[in-house]
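Everything below belongs to query27.txt, which stores compact mmCIF, C-alpha atoms.
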# COMPACT_ATOMS: atom_id res chain seq x y z
CA MET A 2 40.06 43.63 -88.19
CA ALA A 3 40.18 47.14 -86.72
CA GLN A 4 39.00 47.29 -83.13
CA HIS A 5 36.79 49.92 -81.58
CA THR A 6 38.46 51.70 -78.69
CA LEU A 7 37.28 53.77 -75.76
CA PRO A 8 37.15 57.47 -76.69
CA PRO A 9 38.82 59.72 -74.09
CA LEU A 10 36.53 62.03 -72.13
CA PRO A 11 36.70 65.69 -73.19
CA TYR A 12 37.06 66.67 -69.49
CA ALA A 13 38.44 65.22 -66.24
CA TYR A 14 36.54 62.53 -64.31
CA ASP A 15 35.73 64.97 -61.51
CA ALA A 16 34.86 67.88 -63.80
CA LEU A 17 31.10 67.26 -63.70
CA GLU A 18 30.92 67.45 -59.91
CA PRO A 19 28.77 68.13 -57.99
CA VAL A 20 26.20 66.95 -60.54
CA ILE A 21 27.93 63.64 -61.32
CA SER A 22 30.61 62.31 -58.97
CA LYS A 23 34.09 61.32 -60.03
CA GLN A 24 33.48 57.75 -58.91
CA ILE A 25 30.42 57.41 -61.13
CA MET A 26 32.25 58.90 -64.11
CA GLU A 27 35.25 56.59 -63.67
CA LEU A 28 33.13 53.45 -63.42
CA HIS A 29 30.79 54.57 -66.16
CA HIS A 30 33.55 55.36 -68.63
CA GLN A 31 36.30 52.87 -67.75
CA LYS A 32 34.10 49.90 -66.92
CA HIS A 33 30.61 50.18 -68.40
CA HIS A 34 31.47 51.90 -71.68
CA GLN A 35 34.61 49.75 -72.07
CA THR A 36 32.53 46.58 -71.62
CA TYR A 37 30.17 47.58 -74.43
CA ILE A 38 33.21 48.14 -76.65
CA ASN A 39 34.78 44.79 -75.74
CA ASN A 40 31.54 42.96 -76.40
CA LEU A 41 30.97 44.85 -79.64
CA ASN A 42 34.45 43.91 -80.88
CA GLY A 43 33.81 40.30 -79.89
CA ALA A 44 30.46 40.21 -81.67
CA LEU A 45 31.91 41.82 -84.81
CA SER A 46 34.74 39.34 -85.07
CA ALA A 47 32.30 36.47 -84.48
CA GLN A 48 30.27 37.95 -87.30
CA VAL A 49 33.27 37.83 -89.64
CA SER A 50 33.79 34.15 -88.85
CA ALA A 51 30.10 33.40 -89.23
CA THR A 52 30.03 35.21 -92.57
CA GLN A 53 33.03 33.23 -93.81
CA ALA A 54 31.37 30.01 -92.69
CA ASN A 55 28.06 31.19 -94.19
CA ASP A 56 26.48 30.30 -90.82
CA VAL A 57 23.13 32.09 -91.07
CA PRO A 58 21.72 31.06 -87.67
CA ALA A 59 24.89 32.37 -86.00
CA LEU A 60 24.66 35.61 -87.99
CA ILE A 61 21.08 36.12 -86.89
CA SER A 62 21.83 35.41 -83.25
CA LEU A 63 24.65 37.97 -83.34
CA GLN A 64 22.38 40.79 -84.43
CA GLN A 65 20.97 41.54 -80.98
CA LYS A 66 24.47 41.49 -79.46
CA ILE A 67 25.67 43.98 -82.04
CA LYS A 68 22.63 46.18 -81.50
CA PHE A 69 22.97 46.18 -77.71
CA ASN A 70 26.72 46.64 -77.48
CA GLY A 71 27.04 48.83 -80.56
CA GLY A 72 24.18 50.91 -79.19
CA GLY A 73 25.92 51.11 -75.83
CA HIS A 74 29.09 52.34 -77.54
CA ILE A 75 27.26 54.92 -79.68
CA ASN A 76 25.03 56.19 -76.87
CA HIS A 77 27.84 56.67 -74.38
CA SER A 78 30.09 58.32 -76.98
CA LEU A 79 27.31 60.82 -77.72
CA PHE A 80 26.57 61.32 -74.02
CA TRP A 81 30.12 62.24 -72.93
CA LYS A 82 30.30 64.88 -75.63
CA ASN A 83 26.91 66.37 -74.89
CA LEU A 84 27.93 67.06 -71.28
CA THR A 85 30.22 69.85 -70.12
CA PRO A 86 31.43 70.97 -66.68
CA PRO A 87 29.00 73.23 -64.82
CA GLY A 88 29.60 76.94 -65.19
CA THR A 89 31.29 76.67 -68.60
CA PRO A 90 30.07 78.73 -71.59
CA GLY A 91 28.49 75.65 -73.19
CA ASN A 92 25.94 75.51 -70.35
CA GLU A 93 24.15 78.66 -71.47
CA LEU A 94 21.41 77.77 -73.90
CA ALA A 95 20.85 81.38 -75.04
CA SER A 96 24.43 82.15 -76.00
CA ALA A 97 25.64 78.67 -76.94
CA ALA A 98 22.68 77.50 -79.03
CA PRO A 99 20.79 80.44 -80.55
CA SER A 100 19.09 78.56 -83.38
CA LEU A 101 18.26 75.50 -81.26
CA ARG A 102 16.85 77.79 -78.58
CA GLU A 103 14.56 79.45 -81.09
CA SER A 104 13.29 76.09 -82.30
CA ILE A 105 12.78 74.82 -78.74
CA ASN A 106 10.82 77.94 -77.84
CA SER A 107 8.66 77.76 -80.91
CA ARG A 108 7.94 74.06 -80.32
CA TRP A 109 7.39 74.04 -76.52
CA GLY A 110 6.67 77.71 -75.79
CA SER A 111 9.61 78.18 -73.42
CA GLN A 112 12.79 76.54 -72.23
CA ASP A 113 11.04 75.83 -68.97
CA ALA A 114 8.17 73.99 -70.61
CA PHE A 115 10.66 71.99 -72.68
CA THR A 116 12.67 71.05 -69.59
CA LYS A 117 9.51 69.92 -67.79
CA ALA A 118 8.41 67.80 -70.74
CA PHE A 119 11.88 66.26 -71.06
CA ASN A 120 12.07 65.47 -67.34
CA ALA A 121 8.67 63.80 -67.43
CA GLU A 122 9.84 61.54 -70.28
CA LEU A 123 13.03 60.67 -68.40
CA LEU A 124 11.17 59.80 -65.20
CA GLY A 125 8.60 57.76 -67.11
CA ILE A 126 11.16 55.27 -68.43
CA GLN A 127 10.31 51.82 -67.06
CA GLY A 128 13.62 50.05 -66.61
CA SER A 129 16.89 50.98 -68.29
CA GLY A 130 17.05 53.42 -71.15
CA TRP A 131 17.83 56.86 -72.49
CA GLY A 132 16.01 60.11 -73.08
CA TRP A 133 16.88 62.13 -76.20
CA LEU A 134 16.16 65.38 -77.93
CA VAL A 135 16.19 64.50 -81.61
CA SER A 136 15.90 66.37 -84.86
CA LYS A 137 13.66 64.29 -87.10
CA GLY A 138 15.02 63.29 -90.50
CA GLY A 139 18.29 65.21 -90.29
CA PRO A 140 19.72 68.55 -89.15
CA LYS A 141 17.24 71.38 -88.54
CA GLY A 142 14.32 68.99 -88.58
CA ARG A 143 11.28 68.89 -86.33
CA LEU A 144 12.33 68.60 -82.67
CA GLU A 145 11.06 65.67 -80.62
CA ILE A 146 11.69 64.21 -77.19
CA THR A 147 12.06 60.45 -77.43
CA THR A 148 13.18 57.61 -75.23
CA THR A 149 15.01 54.44 -76.24
CA LYS A 150 15.06 51.30 -74.14
CA ASP A 151 18.17 49.59 -72.83
CA GLN A 152 20.93 50.50 -75.32
CA ASP A 153 18.78 50.99 -78.40
CA PRO A 154 20.25 53.87 -80.39
CA VAL A 155 18.18 56.73 -81.81
CA ALA A 156 16.49 55.73 -85.09
CA SER A 157 18.83 56.10 -88.05
CA GLY A 158 18.14 59.26 -90.00
CA ASP A 159 17.23 61.22 -86.87
CA VAL A 160 19.88 63.42 -85.26
CA PRO A 161 20.48 62.85 -81.53
CA ILE A 162 20.99 66.42 -80.28
CA PHE A 163 21.68 65.29 -76.75
CA GLY A 164 20.97 62.24 -74.65
CA VAL A 165 20.55 61.52 -70.94
CA ASP A 166 21.50 58.11 -69.61
CA MET A 167 18.76 56.77 -67.33
CA TRP A 168 20.40 53.46 -66.46
CA GLU A 169 20.79 53.20 -62.70
CA HIS A 170 24.57 52.92 -63.06
CA ALA A 171 24.52 56.54 -64.34
CA TYR A 172 23.42 57.96 -60.98
CA TYR A 173 22.86 55.35 -58.29
CA LEU A 174 26.08 55.69 -56.27
CA GLN A 175 25.29 59.37 -55.74
CA TYR A 176 21.51 59.75 -55.94
CA LEU A 177 20.35 56.25 -54.89
CA ASN A 178 16.63 55.97 -55.68
CA ASN A 179 16.28 59.74 -56.05
CA LYS A 180 16.45 59.78 -59.81
CA ALA A 181 14.50 63.05 -59.93
CA GLY A 182 17.52 64.66 -58.22
CA TYR A 183 19.80 63.39 -60.99
CA VAL A 184 17.38 64.55 -63.67
CA ASP A 185 17.19 68.05 -62.14
CA GLY A 186 20.96 68.27 -61.93
CA ILE A 187 21.71 67.14 -65.47
CA TRP A 188 20.59 70.51 -66.89
CA LYS A 189 23.54 72.17 -65.20
CA ILE A 190 25.92 70.13 -67.36
CA ILE A 191 24.19 69.89 -70.76
CA ASN A 192 26.60 71.01 -73.47
CA TRP A 193 24.43 73.35 -75.55
CA SER A 194 27.32 74.22 -77.87
CA GLU A 195 27.57 70.58 -78.91
CA ALA A 196 23.76 70.40 -79.11
CA GLU A 197 23.68 73.41 -81.46
CA LYS A 198 26.37 71.85 -83.63
CA ARG A 199 24.45 68.60 -83.95
CA TYR A 200 21.15 70.40 -84.56
CA THR A 201 22.52 72.56 -87.35
CA ALA A 202 25.06 70.18 -88.93
CA GLY A 203 24.22 66.65 -87.75
CA VAL A 204 26.48 64.18 -85.97
CA GLU A 205 29.81 63.13 -87.38
CA ASN A 206 30.28 59.38 -87.65
CA LEU A 207 31.62 58.82 -84.17
CA LEU A 208 32.40 55.18 -84.57
CA LYS A 209 34.10 55.22 -87.94
CA LEU A 210 37.26 53.15 -87.79
CA MET B 264 0.17 28.40 -51.02
CA ALA B 265 1.32 29.00 -54.54
CA ALA B 266 -2.25 28.90 -55.79
CA LEU B 267 -3.45 31.29 -53.10
CA PHE B 268 -0.69 33.67 -54.02
CA SER B 269 -1.26 33.64 -57.74
CA ASN B 270 -5.02 33.90 -57.33
CA SER B 271 -4.96 36.86 -55.01
CA ALA B 272 -2.32 38.51 -57.12
CA ARG B 273 -4.26 38.01 -60.29
CA VAL B 274 -7.50 39.20 -58.74
CA ALA B 275 -5.69 42.27 -57.52
CA LEU B 276 -4.29 43.01 -60.94
CA ARG B 277 -7.52 42.40 -62.80
CA SER B 278 -10.10 44.01 -60.58
CA GLY B 279 -8.03 46.84 -59.22
CA ALA B 280 -7.09 45.31 -55.88
CA SER B 281 -10.68 44.96 -54.78
CA ALA B 282 -9.80 41.73 -53.00
CA SER B 283 -9.95 42.43 -49.31
CA SER B 284 -8.62 39.08 -48.14
CA LYS B 285 -5.13 38.90 -46.79
CA ALA B 286 -2.72 36.60 -48.52
CA GLY B 287 -0.17 37.07 -45.81
CA ALA B 288 1.31 33.65 -46.26
CA ALA B 289 2.77 34.75 -49.54
CA GLY B 290 3.81 38.10 -48.15
CA LEU B 291 1.25 40.05 -50.12
CA THR B 292 -1.40 42.00 -48.29
CA PHE B 293 -4.28 43.96 -49.73
CA ALA B 294 -5.72 45.73 -46.70
CA ARG B 295 -8.91 47.60 -47.64
CA GLY B 296 -8.19 46.96 -51.29
CA LYS B 297 -4.77 48.61 -51.21
CA ALA B 298 -1.50 46.85 -51.81
CA THR B 299 0.89 47.36 -48.88
CA LEU B 300 4.60 46.85 -48.39
CA PRO B 301 5.16 43.42 -46.82
CA ASP B 302 7.51 43.16 -43.84
CA LEU B 303 10.75 41.27 -44.31
CA SER B 304 11.07 38.16 -42.17
CA TYR B 305 14.74 39.01 -41.45
CA ASP B 306 16.77 42.12 -40.65
CA TYR B 307 18.16 44.33 -43.39
CA GLY B 308 21.70 43.30 -42.46
CA ALA B 309 20.92 39.59 -42.20
CA LEU B 310 21.88 38.73 -45.78
CA GLU B 311 25.41 40.12 -45.44
CA PRO B 312 27.95 39.61 -46.86
CA SER B 313 26.01 38.52 -49.96
CA ILE B 314 23.78 41.61 -49.94
CA SER B 315 24.61 44.63 -47.80
CA GLY B 316 22.19 46.03 -45.24
CA LYS B 317 22.16 49.36 -47.02
CA ILE B 318 21.08 47.78 -50.30
CA MET B 319 18.36 45.79 -48.55
CA GLU B 320 17.02 48.84 -46.75
CA LEU B 321 16.87 51.03 -49.87
CA HIS B 322 15.57 48.18 -51.97
CA HIS B 323 12.73 47.37 -49.58
CA LYS B 324 11.79 50.73 -48.05
CA ASN B 325 12.29 52.88 -51.13
CA HIS B 326 12.22 50.88 -54.35
CA HIS B 327 9.61 48.28 -53.41
CA ASN B 328 7.53 50.89 -51.61
CA THR B 329 7.51 53.11 -54.70
CA TYR B 330 6.10 50.24 -56.77
CA VAL B 331 3.38 49.75 -54.13
CA THR B 332 2.49 53.46 -54.11
CA ASN B 333 2.45 53.78 -57.88
CA TYR B 334 0.48 50.57 -58.25
CA ASN B 335 -2.18 51.83 -55.84
CA ASN B 336 -2.34 55.15 -57.69
CA ALA B 337 -2.71 53.40 -61.03
CA VAL B 338 -5.45 51.15 -59.65
CA GLU B 339 -7.31 54.15 -58.29
CA GLN B 340 -7.18 55.79 -61.71
CA LEU B 341 -8.28 52.52 -63.27
CA GLN B 342 -11.32 52.35 -61.01
CA GLU B 343 -12.26 55.91 -61.93
CA ALA B 344 -11.90 55.11 -65.62
CA GLN B 345 -14.03 51.99 -65.18
CA GLN B 346 -16.76 53.95 -63.44
CA LYS B 347 -16.78 56.47 -66.26
CA GLY B 348 -16.69 53.72 -68.86
CA ASP B 349 -13.57 55.36 -70.30
CA ILE B 350 -12.03 52.52 -72.27
CA SER B 351 -9.07 54.39 -73.70
CA ALA B 352 -8.03 55.59 -70.23
CA GLN B 353 -8.24 52.00 -68.98
CA ILE B 354 -6.02 50.77 -71.80
CA ALA B 355 -3.56 53.62 -71.29
CA LEU B 356 -3.10 52.55 -67.66
CA LYS B 357 -2.02 49.05 -68.63
CA PRO B 358 1.75 49.72 -68.71
CA ALA B 359 1.64 51.39 -65.26
CA ILE B 360 -0.32 48.45 -63.79
CA ASN B 361 2.02 45.91 -65.38
CA PHE B 362 5.18 47.73 -64.32
CA ASN B 363 4.22 48.68 -60.78
CA GLY B 364 2.05 45.65 -60.05
CA GLY B 365 4.86 43.51 -61.46
CA GLY B 366 7.39 45.34 -59.29
CA HIS B 367 5.26 44.62 -56.23
CA LEU B 368 4.79 40.93 -57.07
CA ASN B 369 8.40 40.35 -58.04
CA HIS B 370 9.90 41.94 -54.96
CA SER B 371 7.41 40.23 -52.62
CA LEU B 372 8.43 36.87 -54.05
CA PHE B 373 12.12 37.81 -54.01
CA TRP B 374 12.24 38.69 -50.29
CA GLU B 375 10.62 35.34 -49.52
CA ASN B 376 13.00 33.31 -51.63
CA LEU B 377 15.95 34.76 -49.74
CA ALA B 378 17.00 33.82 -46.20
CA PRO B 379 19.95 34.49 -43.92
CA LYS B 380 22.51 31.69 -43.71
CA ASN B 381 21.54 30.94 -40.12
CA ALA B 382 17.93 30.49 -41.22
CA GLY B 383 18.64 27.99 -43.95
CA GLY B 384 19.90 30.36 -46.63
CA GLY B 385 21.96 28.49 -49.21
CA GLU B 386 20.96 25.01 -48.01
CA ALA B 387 20.44 22.79 -51.05
CA PRO B 388 16.91 21.84 -52.07
CA SER B 389 15.56 18.38 -51.36
CA GLY B 390 12.64 16.19 -52.39
CA SER B 391 10.78 16.53 -55.65
CA LEU B 392 12.31 19.93 -56.50
CA ALA B 393 15.84 18.55 -56.12
CA LYS B 394 14.86 15.66 -58.40
CA ALA B 395 13.43 18.04 -61.00
CA ILE B 396 16.59 20.16 -60.93
CA ASP B 397 18.85 17.12 -61.24
CA SER B 398 16.90 15.65 -64.10
CA THR B 399 16.69 18.97 -65.96
CA TYR B 400 20.14 20.44 -65.28
CA GLY B 401 22.26 17.45 -64.19
CA ASN B 402 22.78 18.80 -60.69
CA LEU B 403 22.37 21.94 -58.60
CA ASP B 404 25.63 23.47 -59.86
CA GLY B 405 24.52 22.87 -63.42
CA PHE B 406 21.32 24.78 -62.67
CA LYS B 407 23.17 27.65 -60.98
CA GLY B 408 25.46 27.98 -63.98
CA LYS B 409 22.51 28.20 -66.38
CA MET B 410 20.64 30.64 -64.12
CA ASN B 411 23.73 32.86 -63.80
CA ALA B 412 24.16 32.84 -67.58
CA ALA B 413 20.52 33.93 -67.96
CA LEU B 414 21.07 36.70 -65.42
CA ALA B 415 24.27 37.88 -67.08
CA GLY B 416 22.55 37.89 -70.46
CA ILE B 417 19.83 40.35 -69.47
CA GLN B 418 20.28 43.48 -71.58
CA GLY B 419 19.00 46.25 -69.36
CA SER B 420 16.86 45.83 -66.25
CA GLY B 421 15.06 42.60 -65.47
CA TRP B 422 14.77 39.36 -63.58
CA ALA B 423 15.64 35.73 -64.12
CA TRP B 424 13.25 33.11 -62.74
CA LEU B 425 13.12 29.42 -62.21
CA VAL B 426 9.56 28.71 -63.27
CA LYS B 427 7.16 25.80 -63.48
CA ASP B 428 5.35 25.30 -66.76
CA LYS B 429 1.67 24.87 -65.87
CA GLN B 430 1.05 22.84 -69.02
CA THR B 431 3.77 20.25 -68.53
CA GLY B 432 4.83 20.53 -64.88
CA GLN B 433 8.43 20.92 -66.10
CA ILE B 434 10.78 23.51 -64.65
CA ALA B 435 12.61 26.06 -66.79
CA ILE B 436 14.71 29.21 -66.54
CA ARG B 437 13.18 32.33 -68.04
CA ALA B 438 14.34 35.95 -68.14
CA TYR B 439 11.82 38.81 -67.90
CA ALA B 440 12.38 42.45 -68.88
CA ASN B 441 12.02 45.29 -66.38
CA GLN B 442 9.23 44.39 -63.92
CA ASP B 443 7.28 42.04 -66.17
CA PRO B 444 5.76 39.53 -63.77
CA VAL B 445 5.71 35.76 -64.18
CA VAL B 446 2.06 35.17 -65.07
CA GLY B 447 0.15 33.03 -67.53
CA GLN B 448 1.67 29.74 -68.59
CA PHE B 449 4.45 29.87 -66.01
CA GLU B 450 4.50 29.93 -62.23
CA PRO B 451 7.32 31.71 -60.39
CA LEU B 452 9.46 29.47 -58.19
CA LEU B 453 12.69 31.40 -57.63
CA GLY B 454 13.46 34.94 -58.74
CA ILE B 455 16.71 36.88 -58.79
CA ASP B 456 16.62 40.63 -59.29
CA ALA B 457 19.11 41.78 -61.95
CA TRP B 458 18.27 45.49 -61.76
CA GLU B 459 21.37 47.53 -60.99
CA HIS B 460 19.76 48.87 -57.80
CA ALA B 461 19.82 45.31 -56.45
CA TYR B 462 23.62 45.19 -56.29
CA TYR B 463 25.30 48.38 -57.49
CA LEU B 464 26.21 49.97 -54.11
CA GLN B 465 28.15 46.85 -53.20
CA TYR B 466 29.29 45.31 -56.47
CA GLN B 467 29.20 48.24 -58.94
CA ASN B 468 29.76 46.87 -62.45
CA ARG B 469 30.93 43.46 -61.15
CA LYS B 470 27.50 41.91 -61.40
CA ALA B 471 28.85 38.38 -61.88
CA GLU B 472 30.10 38.55 -58.27
CA TYR B 473 26.59 39.39 -57.07
CA PHE B 474 25.09 36.55 -59.08
CA SER B 475 27.61 34.18 -57.58
CA ALA B 476 27.22 35.41 -53.96
CA ILE B 477 23.43 35.34 -53.89
CA TRP B 478 23.31 31.52 -53.84
CA ASP B 479 24.52 31.65 -50.22
CA VAL B 480 21.22 33.27 -49.21
CA ILE B 481 18.71 31.46 -51.40
CA ASN B 482 15.80 30.09 -49.39
CA TRP B 483 15.27 26.74 -51.11
CA LYS B 484 12.58 25.78 -48.58
CA ALA B 485 10.41 28.61 -49.93
CA VAL B 486 11.11 27.49 -53.50
CA GLU B 487 10.14 23.91 -52.61
CA LYS B 488 6.81 25.13 -51.19
CA ARG B 489 6.03 27.02 -54.39
CA PHE B 490 6.95 23.98 -56.46
CA SER B 491 4.73 21.53 -54.62
Just give me the structure as structure tokens.
Amino acid sequence: MAQHTLPPLPYAYDALEPVISKQIMELHHQKHHQTYINNLNGALSAQVSATQANDVPALISLQQKIKFNGGGHINHSLFWKNLTPPGTPGNELASAAPSLRESINSRWGSQDAFTKAFNAELLGIQGSGWGWLVSKGGPKGRLEITTTKDQDPVASGDVPIFGVDMWEHAYYLQYLNNKAGYVDGIWKIINWSEAEKRYTAGVENLLKL
Amino acid sequence: MAALFSNSARVALRSGASASSKAGAAGLTFARGKATLPDLSYDYGALEPSISGKIMELHHKNHHNTYVTNYNNAVEQLQEAQQKGDISAQIALKPAINFNGGGHLNHSLFWENLAPKNAGGGEAPSGSLAKAIDSTYGNLDGFKGKMNAALAGIQGSGWAWLVKDKQTGQIAIRAYANQDPVVGQFEPLLGIDAWEHAYYLQYQNRKAEYFSAIWDVINWKAVEKRFS
């Protein structure tokens, strides 16, 4: 059975500094993301055996493992690509994402109002989870800010335009309990070019083997 | 003591911390109706090497204190909503009360069920609790293995607890998401915090090492008191 593998980062581990430290990026990518992949591969091969054995209780008990670890793999794969080093062209909403910018402005009034609303959602997460800008129902749909708990992925059918990881492992070594500092900083590294691509054309199947 | 704790805690949660009595024995104080951060009975560095002083300081002074502050704010809003008879506002405050009140309860219990090695930390339980553990899990190591598996299995933030079932008197291991407190059918005996902030500065992604090291600083005397 084909195994899922860790996708390489599209930039160096230290490229997101000073917003996200090299040490965080290394641990987050090489350890956390890799662990989701290992556990996903394990759960999928257990599923093959359980299917062959027609073991329904085992199949049911594997579903949550697949959701959690598959979700972890999907979410992190989306996250790495929707970030870009600070000061690169992708950081500029106006030039990198003209149609997304127009939709954001018409929905929230201004980029500033959108950012405030997004930050409030991120800081309101109780426990581990993610904040997302999604396009409902497919590309160029209605924009919505949503959160997902733990490693739940964005609802199928909706397009995750970009996501922000609010697990403590995403920021703690650098920001400690100051998660508002991390949330403020993340805007300096959002990849609006990738966001525009997803908004207008959807997301390619990242995990296709 | 366990009853005093759960009563005062429940009163505080239900009536918006109007209880003015001090339940200091359980580490929870409600001075003038406000929840306050309880003092630790040991120094921040006293649980090293199992838990670093820096983790303890941040965890107590910042994380726990934020739950206390946010709980008090939520209770204040709840009281206003009650005075206005605004039912939907009262219902909308429920998650904030559960999360922040739970965070306050859980951490208050956690600090008490930890102790430095030179103050009995890690010394095996005795008496009726030891008997209950042996008869339920074979022996103490059997229990630790099951508890560590429950901790490792938490998907996201949460806690694992050794609890007592109020209906049967039996002990059990239960995992709780985020800051959900142990209330209702079960009584909390021993809690271990599996949030990343509880270990990340020292153990990073190697959480199994934290779960294994924490047994050296478990205060079984405090757990025995809650059990009896």
Who sits within 6 Å of range 73-82 of chain A, all atoms listed in the file, same chain under 3 positions skipped, as a PDB file with C-alpha atoms, keeping the file's coordinate frame:
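Below is the file part-v4.pdb, written as the result:
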ATOM      1  CA  TYR A  37      30.170  47.580 -74.430  1.00  0.00           C
ATOM      2  CA  ILE A  38      33.210  48.140 -76.650  1.00  0.00           C
ATOM      3  CA  ASN A  70      26.720  46.640 -77.480  1.00  0.00           C
ATOM      4  CA  GLN A 152      20.930  50.500 -75.320  1.00  0.00           C
ATOM      5  CA  GLY A 164      20.970  62.240 -74.650  1.00  0.00           C
TER       6      GLY A 164
END
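As for CA of Leu403 in chain B and CA of Asn369 in chain B, they are spaced 23.1 Å apart.
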So that I can check the surroundings of range 128-142 of chain A, please list as a count of residues only every protein, DNA and RNA residue that reaches within 9 Å of it, counting all atoms listed in the file and ignoring chain neighbours fewer than 3 positions away.
45
Which residue of B:Val486, B:Ala457, B:Val331, B:Leu464 approaches Tyr173 in chain A most closely, using all atoms listed in the file:
B:Leu464
Record the distance separating CA of Thr116 in chain A and CA of Trp188 in chain A, expressed in Å with one decimal.
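CA of Thr116 in chain A sits 8.4 Å away from CA of Trp188 in chain A.
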Select all residues near (21.8, 44.6, -50.1) (cut-off 10 Å, inclusive, file coordinates), counting all atoms listed in the file, and output them as number ranges by chain.
B: 307-323, 460-466, 473
One decimal, Å: what's the distance from CA of Ile105 in chain A over to CA of Val184 in chain A, could you say?
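Computing it gives 18.8 Å between the two atoms.
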Can you tell me which residues surround Asp479 in chain B at a distance of at most 7 Å, considering all atoms listed in the file, apart from same-chain residues fewer than 2 positions away, and format the answer as an MDAnalysis selection string?
chainID B and resid 380 384:385 476:477 481
Quick one: of B:Ser389, B:Gln448, B:Asn381, B:Gln467, who's nearest to chain A, counting only C-alpha atoms?
B:Gln467
Spatial neighbours of Ala387 in chain B, 12 Å, all atoms listed in the file, chain gap at least 6 places, as a tab-separated table (two decimals) with C-alpha atoms, keeping the file's coordinate frame:
chain	number	residue	atom	x	y	z
B	380	LYS	CA	22.51	31.69	-43.71
B	393	ALA	CA	15.84	18.55	-56.12
B	394	LYS	CA	14.86	15.66	-58.40
B	396	ILE	CA	16.59	20.16	-60.93
B	397	ASP	CA	18.85	17.12	-61.24
B	402	ASN	CA	22.78	18.80	-60.69
B	403	LEU	CA	22.37	21.94	-58.60
B	404	ASP	CA	25.63	23.47	-59.86
B	406	PHE	CA	21.32	24.78	-62.67
B	407	LYS	CA	23.17	27.65	-60.98
B	478	TRP	CA	23.31	31.52	-53.84
B	479	ASP	CA	24.52	31.65	-50.22
B	480	VAL	CA	21.22	33.27	-49.21
B	481	ILE	CA	18.71	31.46	-51.40
B	482	ASN	CA	15.80	30.09	-49.39
B	483	TRP	CA	15.27	26.74	-51.11
B	484	LYS	CA	12.58	25.78	-48.58
B	485	ALA	CA	10.41	28.61	-49.93
B	486	VAL	CA	11.11	27.49	-53.50
B	487	GLU	CA	10.14	23.91	-52.61
Nearest to Asn363 in chain B by atom-to-atom distance, counting only C-alpha atoms, from B:Leu453, B:Val338, B:Ile350, B:Ile436
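Result for the nearest residue to Asn363 in chain B: B:Val338.
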May I have the residues within 10 Å of Gly182 in chain A as a PyMOL selection string, using all atoms listed in the file and disregarding those fewer than 6 positions away in the same chain?
chain A and resi 20+172+175-176
Only N, CA and C atoms, please: range 116-128 of chain A from the block, as a tab-separated table (two decimals), in the first residue's frame.
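File selection_31.tsv, as written:
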chain	number	residue	atom	x	y	z
A	116	THR	N	-9.34	41.37	9.52
A	116	THR	CA	-8.25	40.89	10.37
A	116	THR	C	-8.69	40.84	11.84
A	117	LYS	N	-9.39	41.87	12.27
A	117	LYS	CA	-9.88	41.90	13.66
A	117	LYS	C	-10.83	40.76	13.93
A	118	ALA	N	-11.74	40.52	13.00
A	118	ALA	CA	-12.71	39.43	13.18
A	118	ALA	C	-12.00	38.08	13.21
A	119	PHE	N	-11.02	37.92	12.34
A	119	PHE	CA	-10.28	36.65	12.27
A	119	PHE	C	-9.50	36.43	13.57
A	120	ASN	N	-8.83	37.49	14.04
A	120	ASN	CA	-8.06	37.37	15.28
A	120	ASN	C	-8.95	36.99	16.46
A	121	ALA	N	-10.13	37.59	16.51
A	121	ALA	CA	-11.04	37.29	17.62
A	121	ALA	C	-11.44	35.82	17.60
A	122	GLU	N	-11.67	35.27	16.40
A	122	GLU	CA	-12.00	33.84	16.30
A	122	GLU	C	-10.83	32.98	16.76
A	123	LEU	N	-9.62	33.37	16.34
A	123	LEU	CA	-8.44	32.59	16.72
A	123	LEU	C	-8.27	32.57	18.24
A	124	LEU	N	-8.42	33.75	18.85
A	124	LEU	CA	-8.18	33.85	20.30
A	124	LEU	C	-9.32	33.25	21.11
A	125	GLY	N	-10.45	33.02	20.46
A	125	GLY	CA	-11.59	32.42	21.16
A	125	GLY	C	-11.58	30.90	21.18
A	126	ILE	N	-10.62	30.29	20.49
A	126	ILE	CA	-10.57	28.83	20.46
A	126	ILE	C	-10.24	28.31	21.85
A	127	GLN	N	-11.07	27.39	22.35
A	127	GLN	CA	-10.85	26.83	23.68
A	127	GLN	C	-10.17	25.48	23.55
A	128	GLY	N	-8.85	25.47	23.70
A	128	GLY	CA	-8.12	24.22	23.52
A	128	GLY	C	-7.37	24.27	22.21
